[in-house]
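Worksheet: the structure to be examined is printed underneath.
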Amino acid sequence: MALGTCFSSKNFTLNARHILRRKEALQANGNVLFAPAHEQVNKTVLRSNHVHVHPGIVAIHQSTVFDKNSQKSLGSSESALILIRHGESLWNQKNLFTGCVDVPLTKEGVEEAIEAGKRISNLPVDIIFTSALIRAQMTAMLAMTQHLRKKVVPVILHNEDERAESWSKIFSTVTESQTIPVITAWELNERMYGELQGLNKEETAEKFGKQKVLEWRRSYDIPPPNGESLAMCAERSVAYFKNQVEPVLNCGQNVLIAAHGNSLRAIIMYLDKLTPQEVIDLELSTGIPMLYVFKEGKFVRRGSPIGPDTIGVYAFTPDLAVYREQLENMIQ
């Protein structure tokens with residue numbers, strides 16, 4: 001898919017005149033500062049008179065407005081990708097194999113998510129992808145409560161069927177323009193640990209042997225009984241990333257993904273071109289965001305934790321630095 005071409009999994013379009021009306025409504029209500037990037041219309045869109053979009057997302061061209069007379073943006077071919085591993089869950093705390101069992105965050109996990117939000121509070125976010133599991137969704141939502149664009153609210157899109165889509169419809173154009181769409185996907189779930197799910201890790205090691213459990217946990221292509229290997233998890237999560245997330249980044253949209261240790265390891269393996277051995281050795285800290293910049297079809301890592309207790313320093317691009325400075329100046 002060419003850069004600048006927006007994605008549609010349902011092949012529907014949105015008329016540019018409707019988008020202009022939404023932009024005018026924002027300006028009339030004095031909320032231009034909080035207009036998401038996808039609210040801006042460029043000449044290319046006006047010439048084509050319509051644009052293909054992801055379900056529920058007006059994805060056109062990246063450009064963030066800070067006031068009625070001044071416009072600053074990331075480059076049209078540059079977008080930000082933020083990855084966050086969810087905070088501590090109740091089963092993490094109990095040292096149980098969790099996998100795809102849907103358990104919430106602990107108090108510490110909530111605090112980790114809030115701290116993660118503080119670290120990305122001045123980075124642009126236009127759309128959020130999470131797994132179908134509550135601990136990842138909680139992490140994304142709690143993180144966004146800390147964002148400096150306070151009027152922007154993440155809203156989970158429900159398009160499982162016609163009724164879900166109809167019942168969750170937003171009827172205010174202004175309110176809709178102030179929301180960040182949240183897409184949930186089972187493909188971003190933690191790898192399924194099969195018959196180990198719910199078992200205590202220490203007891204499992206005693207039962208099957210430490211070496212066998214280590215093999216199930218840390219090998220690339222050996223799954224636990226009736227479960228997924230990392231390779232199997234990578235097959236679904238990377239395919240989803242390529243098919244659903246990359247096209248959104250190609251549109252100039254800035255993406256936050258809140259997911260799990262293994263699904264994120266798989267995606268990072270793809271982004272950083274790691275070998276199976278390198279990804280096995282990769283440790284991801286809970287609640288510490290990683291920043292990538294997508295430009296000219298390539299991913300460049302701009303910040304990464306070195307270890308569980310070390311917080312990586314973001315290397316902002318010039319465009320990201322401008323966004324941060326303008327946003328912080330506007331809220332002072």
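Residues in the structure tokens are named by chain (A, B, ... in the order shown) and by number from 1 within that chain; ligands are numbered from 1 in the order shown.
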
Contacts of Leu123 in chain A within 8 Å, only C-alpha atoms, excl. fewer than 4 positions in-chain, as a VMD selection string:
chain A and resid 320 323 to 324

DSSP strand (DSSP E) residues within range 95-302 of chain A, as a ChimeraX atom specification:
/A:127-131,153-156,179-185,255-259,290-295,298-302

When you look at range 204-207 of chain A with a cut-off of 12 Å (counting only C-alpha atoms), what residues show up, excluding the ones that are within fewer than 5 positions of it in the same chain? I need them as a PDB file with N, CA, C and O atoms, in the first residue's frame.
```pdb
ATOM      1  N   ASN A  95       1.595 -15.141  40.665  1.00  0.00           N
ATOM      2  CA  ASN A  95       2.579 -15.999  39.998  1.00  0.00           C
ATOM      3  C   ASN A  95       1.907 -17.164  39.260  1.00  0.00           C
ATOM      4  O   ASN A  95       2.401 -18.298  39.267  1.00  0.00           O
ATOM      5  N   LEU A  96       0.781 -16.868  38.622  1.00  0.00           N
ATOM      6  CA  LEU A  96       0.061 -17.870  37.848  1.00  0.00           C
ATOM      7  C   LEU A  96       0.269 -17.657  36.358  1.00  0.00           C
ATOM      8  O   LEU A  96       0.419 -16.518  35.903  1.00  0.00           O
ATOM      9  N   PHE A  97       0.267 -18.746  35.592  1.00  0.00           N
ATOM     10  CA  PHE A  97       0.262 -18.618  34.138  1.00  0.00           C
ATOM     11  C   PHE A  97      -1.077 -18.029  33.719  1.00  0.00           C
ATOM     12  O   PHE A  97      -2.140 -18.596  34.008  1.00  0.00           O
ATOM     13  N   GLU A 195      -2.659 -25.749  28.655  1.00  0.00           N
ATOM     14  CA  GLU A 195      -2.958 -26.422  29.926  1.00  0.00           C
ATOM     15  C   GLU A 195      -2.204 -25.831  31.117  1.00  0.00           C
ATOM     16  O   GLU A 195      -2.438 -26.240  32.259  1.00  0.00           O
ATOM     17  N   LEU A 196      -1.337 -24.849  30.861  1.00  0.00           N
ATOM     18  CA  LEU A 196      -0.621 -24.200  31.968  1.00  0.00           C
ATOM     19  C   LEU A 196      -1.421 -23.047  32.571  1.00  0.00           C
ATOM     20  O   LEU A 196      -1.132 -22.616  33.686  1.00  0.00           O
ATOM     21  N   GLN A 197      -2.424 -22.566  31.865  1.00  0.00           N
ATOM     22  CA  GLN A 197      -3.163 -21.393  32.318  1.00  0.00           C
ATOM     23  C   GLN A 197      -3.851 -21.664  33.662  1.00  0.00           C
ATOM     24  O   GLN A 197      -4.580 -22.646  33.818  1.00  0.00           O
ATOM     25  N   GLY A 198      -3.573 -20.776  34.611  1.00  0.00           N
ATOM     26  CA  GLY A 198      -4.141 -20.907  35.940  1.00  0.00           C
ATOM     27  C   GLY A 198      -3.271 -21.680  36.908  1.00  0.00           C
ATOM     28  O   GLY A 198      -3.548 -21.699  38.112  1.00  0.00           O
ATOM     29  N   LEU A 199      -2.189 -22.298  36.404  1.00  0.00           N
ATOM     30  CA  LEU A 199      -1.288 -23.050  37.275  1.00  0.00           C
ATOM     31  C   LEU A 199      -0.235 -22.127  37.876  1.00  0.00           C
ATOM     32  O   LEU A 199       0.230 -21.191  37.223  1.00  0.00           O
ATOM     33  N   LYS A 212      11.901 -28.235  31.393  1.00  0.00           N
ATOM     34  CA  LYS A 212      10.770 -28.334  30.462  1.00  0.00           C
ATOM     35  C   LYS A 212       9.931 -27.063  30.483  1.00  0.00           C
ATOM     36  O   LYS A 212       9.535 -26.547  29.420  1.00  0.00           O
ATOM     37  N   VAL A 213       9.674 -26.526  31.672  1.00  0.00           N
ATOM     38  CA  VAL A 213       8.887 -25.298  31.775  1.00  0.00           C
ATOM     39  C   VAL A 213       9.650 -24.130  31.148  1.00  0.00           C
ATOM     40  O   VAL A 213       9.070 -23.292  30.452  1.00  0.00           O
ATOM     41  N   LEU A 214      10.950 -24.091  31.361  1.00  0.00           N
ATOM     42  CA  LEU A 214      11.768 -23.038  30.745  1.00  0.00           C
ATOM     43  C   LEU A 214      11.713 -23.147  29.226  1.00  0.00           C
ATOM     44  O   LEU A 214      11.651 -22.132  28.523  1.00  0.00           O
ATOM     45  N   GLU A 215      11.719 -24.363  28.719  1.00  0.00           N
ATOM     46  CA  GLU A 215      11.618 -24.599  27.283  1.00  0.00           C
ATOM     47  C   GLU A 215      10.295 -24.081  26.742  1.00  0.00           C
ATOM     48  O   GLU A 215      10.246 -23.427  25.692  1.00  0.00           O
ATOM     49  N   TRP A 216       9.197 -24.351  27.465  1.00  0.00           N
ATOM     50  CA  TRP A 216       7.896 -23.859  27.025  1.00  0.00           C
ATOM     51  C   TRP A 216       7.825 -22.341  27.065  1.00  0.00           C
ATOM     52  O   TRP A 216       7.239 -21.714  26.183  1.00  0.00           O
ATOM     53  N   ARG A 217       8.443 -21.752  28.074  1.00  0.00           N
ATOM     54  CA  ARG A 217       8.341 -20.304  28.251  1.00  0.00           C
ATOM     55  C   ARG A 217       9.285 -19.526  27.348  1.00  0.00           C
ATOM     56  O   ARG A 217       8.960 -18.430  26.896  1.00  0.00           O
ATOM     57  N   PRO A 224       3.603 -24.976  24.895  1.00  0.00           N
ATOM     58  CA  PRO A 224       3.174 -25.785  26.040  1.00  0.00           C
ATOM     59  C   PRO A 224       2.027 -26.688  25.604  1.00  0.00           C
ATOM     60  O   PRO A 224       1.479 -26.508  24.505  1.00  0.00           O
TER      61      PRO A 224
END
```

Per DSSP on the backbone, what are the alpha helix (DSSP H) residues of range 45-274 of chain A, as a PDB file with C-alpha atoms, in the first residue's frame?
```pdb
ATOM      1  CA  VAL A  45      -8.770  14.997  -0.086  1.00  0.00           C
ATOM      2  CA  LEU A  46     -10.771  17.876  -1.538  1.00  0.00           C
ATOM      3  CA  ARG A  47      -9.673  16.961  -5.049  1.00  0.00           C
ATOM      4  CA  SER A  48     -10.676  13.323  -4.631  1.00  0.00           C
ATOM      5  CA  LEU A  90      -3.959 -10.091  39.518  1.00  0.00           C
ATOM      6  CA  TRP A  91      -2.553 -13.373  38.228  1.00  0.00           C
ATOM      7  CA  ASN A  92       0.908 -11.859  37.702  1.00  0.00           C
ATOM      8  CA  GLN A  93       0.757 -10.994  41.374  1.00  0.00           C
ATOM      9  CA  LYS A 107      -3.457  -1.647  42.233  1.00  0.00           C
ATOM     10  CA  GLU A 108       0.221  -1.616  41.256  1.00  0.00           C
ATOM     11  CA  GLY A 109      -0.749  -2.373  37.661  1.00  0.00           C
ATOM     12  CA  VAL A 110      -3.114   0.598  37.689  1.00  0.00           C
ATOM     13  CA  GLU A 111      -0.301   2.819  38.971  1.00  0.00           C
ATOM     14  CA  GLU A 112       2.040   1.489  36.269  1.00  0.00           C
ATOM     15  CA  ALA A 113      -0.534   2.335  33.605  1.00  0.00           C
ATOM     16  CA  ILE A 114      -0.958   5.860  34.973  1.00  0.00           C
ATOM     17  CA  GLU A 115       2.811   6.334  35.059  1.00  0.00           C
ATOM     18  CA  ALA A 116       3.022   5.116  31.465  1.00  0.00           C
ATOM     19  CA  GLY A 117       0.418   7.719  30.557  1.00  0.00           C
ATOM     20  CA  LYS A 118       2.523  10.463  32.080  1.00  0.00           C
ATOM     21  CA  ARG A 119       5.471   9.400  29.925  1.00  0.00           C
ATOM     22  CA  ILE A 134      -9.221  -6.266  30.020  1.00  0.00           C
ATOM     23  CA  ARG A 135      -5.713  -5.749  31.437  1.00  0.00           C
ATOM     24  CA  ALA A 136      -4.493  -4.274  28.134  1.00  0.00           C
ATOM     25  CA  GLN A 137      -7.635  -2.187  27.717  1.00  0.00           C
ATOM     26  CA  MET A 138      -7.366  -0.847  31.284  1.00  0.00           C
ATOM     27  CA  THR A 139      -3.736   0.082  30.620  1.00  0.00           C
ATOM     28  CA  ALA A 140      -4.622   2.062  27.497  1.00  0.00           C
ATOM     29  CA  MET A 141      -7.546   3.871  29.115  1.00  0.00           C
ATOM     30  CA  LEU A 142      -5.694   4.733  32.309  1.00  0.00           C
ATOM     31  CA  ALA A 143      -2.677   5.925  30.343  1.00  0.00           C
ATOM     32  CA  MET A 144      -4.802   8.297  28.267  1.00  0.00           C
ATOM     33  CA  GLU A 162     -25.114  -4.165  13.398  1.00  0.00           C
ATOM     34  CA  ARG A 163     -26.789  -3.840  16.797  1.00  0.00           C
ATOM     35  CA  ALA A 164     -23.506  -3.226  18.634  1.00  0.00           C
ATOM     36  CA  GLU A 165     -22.555  -0.590  16.080  1.00  0.00           C
ATOM     37  CA  SER A 166     -25.988   1.059  16.241  1.00  0.00           C
ATOM     38  CA  TRP A 167     -26.236   1.074  20.036  1.00  0.00           C
ATOM     39  CA  THR A 173     -20.415  15.737  15.760  1.00  0.00           C
ATOM     40  CA  VAL A 174     -18.399  17.795  18.236  1.00  0.00           C
ATOM     41  CA  THR A 175     -18.178  14.968  20.775  1.00  0.00           C
ATOM     42  CA  GLU A 176     -17.189  12.512  18.066  1.00  0.00           C
ATOM     43  CA  SER A 177     -14.439  14.865  16.929  1.00  0.00           C
ATOM     44  CA  LYS A 201       4.601 -21.278  38.006  1.00  0.00           C
ATOM     45  CA  GLU A 202       6.649 -22.776  40.836  1.00  0.00           C
ATOM     46  CA  GLU A 203       4.312 -25.757  41.208  1.00  0.00           C
ATOM     47  CA  THR A 204       4.393 -26.271  37.435  1.00  0.00           C
ATOM     48  CA  ALA A 205       8.195 -26.372  37.487  1.00  0.00           C
ATOM     49  CA  GLU A 206       8.101 -28.976  40.247  1.00  0.00           C
ATOM     50  CA  LYS A 207       5.573 -31.075  38.332  1.00  0.00           C
ATOM     51  CA  PHE A 208       7.117 -30.997  34.852  1.00  0.00           C
ATOM     52  CA  LYS A 210      12.325 -26.589  35.505  1.00  0.00           C
ATOM     53  CA  GLN A 211      14.016 -27.306  32.178  1.00  0.00           C
ATOM     54  CA  LYS A 212      10.770 -28.334  30.462  1.00  0.00           C
ATOM     55  CA  VAL A 213       8.887 -25.298  31.775  1.00  0.00           C
ATOM     56  CA  LEU A 214      11.768 -23.038  30.745  1.00  0.00           C
ATOM     57  CA  GLU A 215      11.618 -24.599  27.283  1.00  0.00           C
ATOM     58  CA  TRP A 216       7.896 -23.859  27.025  1.00  0.00           C
ATOM     59  CA  ARG A 217       8.341 -20.304  28.251  1.00  0.00           C
ATOM     60  CA  ARG A 218      11.497 -19.260  26.432  1.00  0.00           C
ATOM     61  CA  LEU A 230       5.982 -17.616  20.495  1.00  0.00           C
ATOM     62  CA  ALA A 231       6.228 -18.375  16.770  1.00  0.00           C
ATOM     63  CA  MET A 232       2.490 -19.110  16.643  1.00  0.00           C
ATOM     64  CA  CYS A 233       1.712 -15.935  18.588  1.00  0.00           C
ATOM     65  CA  ALA A 234       3.956 -13.973  16.217  1.00  0.00           C
ATOM     66  CA  GLU A 235       2.162 -15.346  13.180  1.00  0.00           C
ATOM     67  CA  ARG A 236      -1.181 -13.828  14.228  1.00  0.00           C
ATOM     68  CA  SER A 237       0.022 -10.634  15.937  1.00  0.00           C
ATOM     69  CA  VAL A 238       2.463  -9.597  13.207  1.00  0.00           C
ATOM     70  CA  ALA A 239      -0.070 -10.373  10.476  1.00  0.00           C
ATOM     71  CA  TYR A 240      -2.594  -8.165  12.279  1.00  0.00           C
ATOM     72  CA  GLU A 246       0.651  -0.266   9.255  1.00  0.00           C
ATOM     73  CA  PRO A 247      -1.966   1.120   6.833  1.00  0.00           C
ATOM     74  CA  VAL A 248      -3.125   3.527   9.550  1.00  0.00           C
ATOM     75  CA  LEU A 249       0.474   4.647  10.107  1.00  0.00           C
ATOM     76  CA  ASN A 250       0.772   5.048   6.325  1.00  0.00           C
ATOM     77  CA  GLY A 261       4.666  -9.368  26.642  1.00  0.00           C
ATOM     78  CA  ASN A 262       4.650 -11.974  23.892  1.00  0.00           C
ATOM     79  CA  SER A 263       2.458 -10.240  21.307  1.00  0.00           C
ATOM     80  CA  LEU A 264       4.596  -7.107  21.680  1.00  0.00           C
ATOM     81  CA  ARG A 265       7.829  -9.102  21.544  1.00  0.00           C
ATOM     82  CA  ALA A 266       6.619 -10.553  18.256  1.00  0.00           C
ATOM     83  CA  ILE A 267       5.811  -7.102  16.861  1.00  0.00           C
ATOM     84  CA  ILE A 268       9.176  -5.734  18.018  1.00  0.00           C
ATOM     85  CA  MET A 269      10.850  -8.713  16.370  1.00  0.00           C
ATOM     86  CA  TYR A 270       9.258  -7.547  13.119  1.00  0.00           C
ATOM     87  CA  LEU A 271      10.012  -3.847  13.665  1.00  0.00           C
ATOM     88  CA  ASP A 272      13.654  -4.351  14.677  1.00  0.00           C
TER      89      ASP A 272
END
```

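With only C-alpha atoms as the atoms that count, the minimum distance from Ile331 in chain A to the choices A:Arg301, A:Lys151, A:Arg85, A:Lys242 is reached by A:Lys151.
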
Contact residues around Phe129 in chain A with only C-alpha atoms at 9 Å, ignoring same-chain residues under 3 positions, as a VMD selection string
chain A and resid 137 140 181 to 185 188 245 255 to 259

Could you save the residues just selected, with C-alpha atoms, as an mmCIF file, in the first residue's frame?
```
data_model
loop_
_atom_site.group_PDB
_atom_site.id
_atom_site.type_symbol
_atom_site.label_atom_id
_atom_site.label_comp_id
_atom_site.auth_asym_id
_atom_site.auth_seq_id
_atom_site.Cartn_x
_atom_site.Cartn_y
_atom_site.Cartn_z
ATOM 1 C CA GLN A 137 -7.635 -2.187 27.717
ATOM 2 C CA ALA A 140 -4.622 2.062 27.497
ATOM 3 C CA PRO A 181 -11.124 5.417 18.488
ATOM 4 C CA VAL A 182 -10.029 2.255 20.310
ATOM 5 C CA ILE A 183 -9.876 -0.972 18.289
ATOM 6 C CA THR A 184 -9.793 -4.254 20.225
ATOM 7 C CA ALA A 185 -8.387 -7.364 18.566
ATOM 8 C CA LEU A 188 -2.984 -8.867 19.952
ATOM 9 C CA VAL A 245 -1.910 -1.034 11.961
ATOM 10 C CA VAL A 255 -0.850 4.889 16.984
ATOM 11 C CA LEU A 256 -0.775 3.561 20.543
ATOM 12 C CA ILE A 257 -0.774 -0.214 21.062
ATOM 13 C CA ALA A 258 -1.422 -1.579 24.549
ATOM 14 C CA ALA A 259 -0.858 -5.327 24.568
#
```

CA of Val300 in chain A and CA of Asp126 in chain A are how many Å apart?
19.1 Å

Considering only C-alpha atoms, state which residue in the set A:Ile128, A:Ile222, A:Ile170, A:Cys100 is at the smallest distance from Glu187 in chain A.
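Comparing A:Ile128, A:Ile222, A:Ile170, A:Cys100 against Glu187 in chain A, the winner is A:Cys100.
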
Rounded to one decimal, what separation in Å do you get between CA of Asn189 in chain A and CA of Val101 in chain A?
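Answer for the CA of Asn189 in chain A to CA of Val101 in chain A separation: 9.8 Å.
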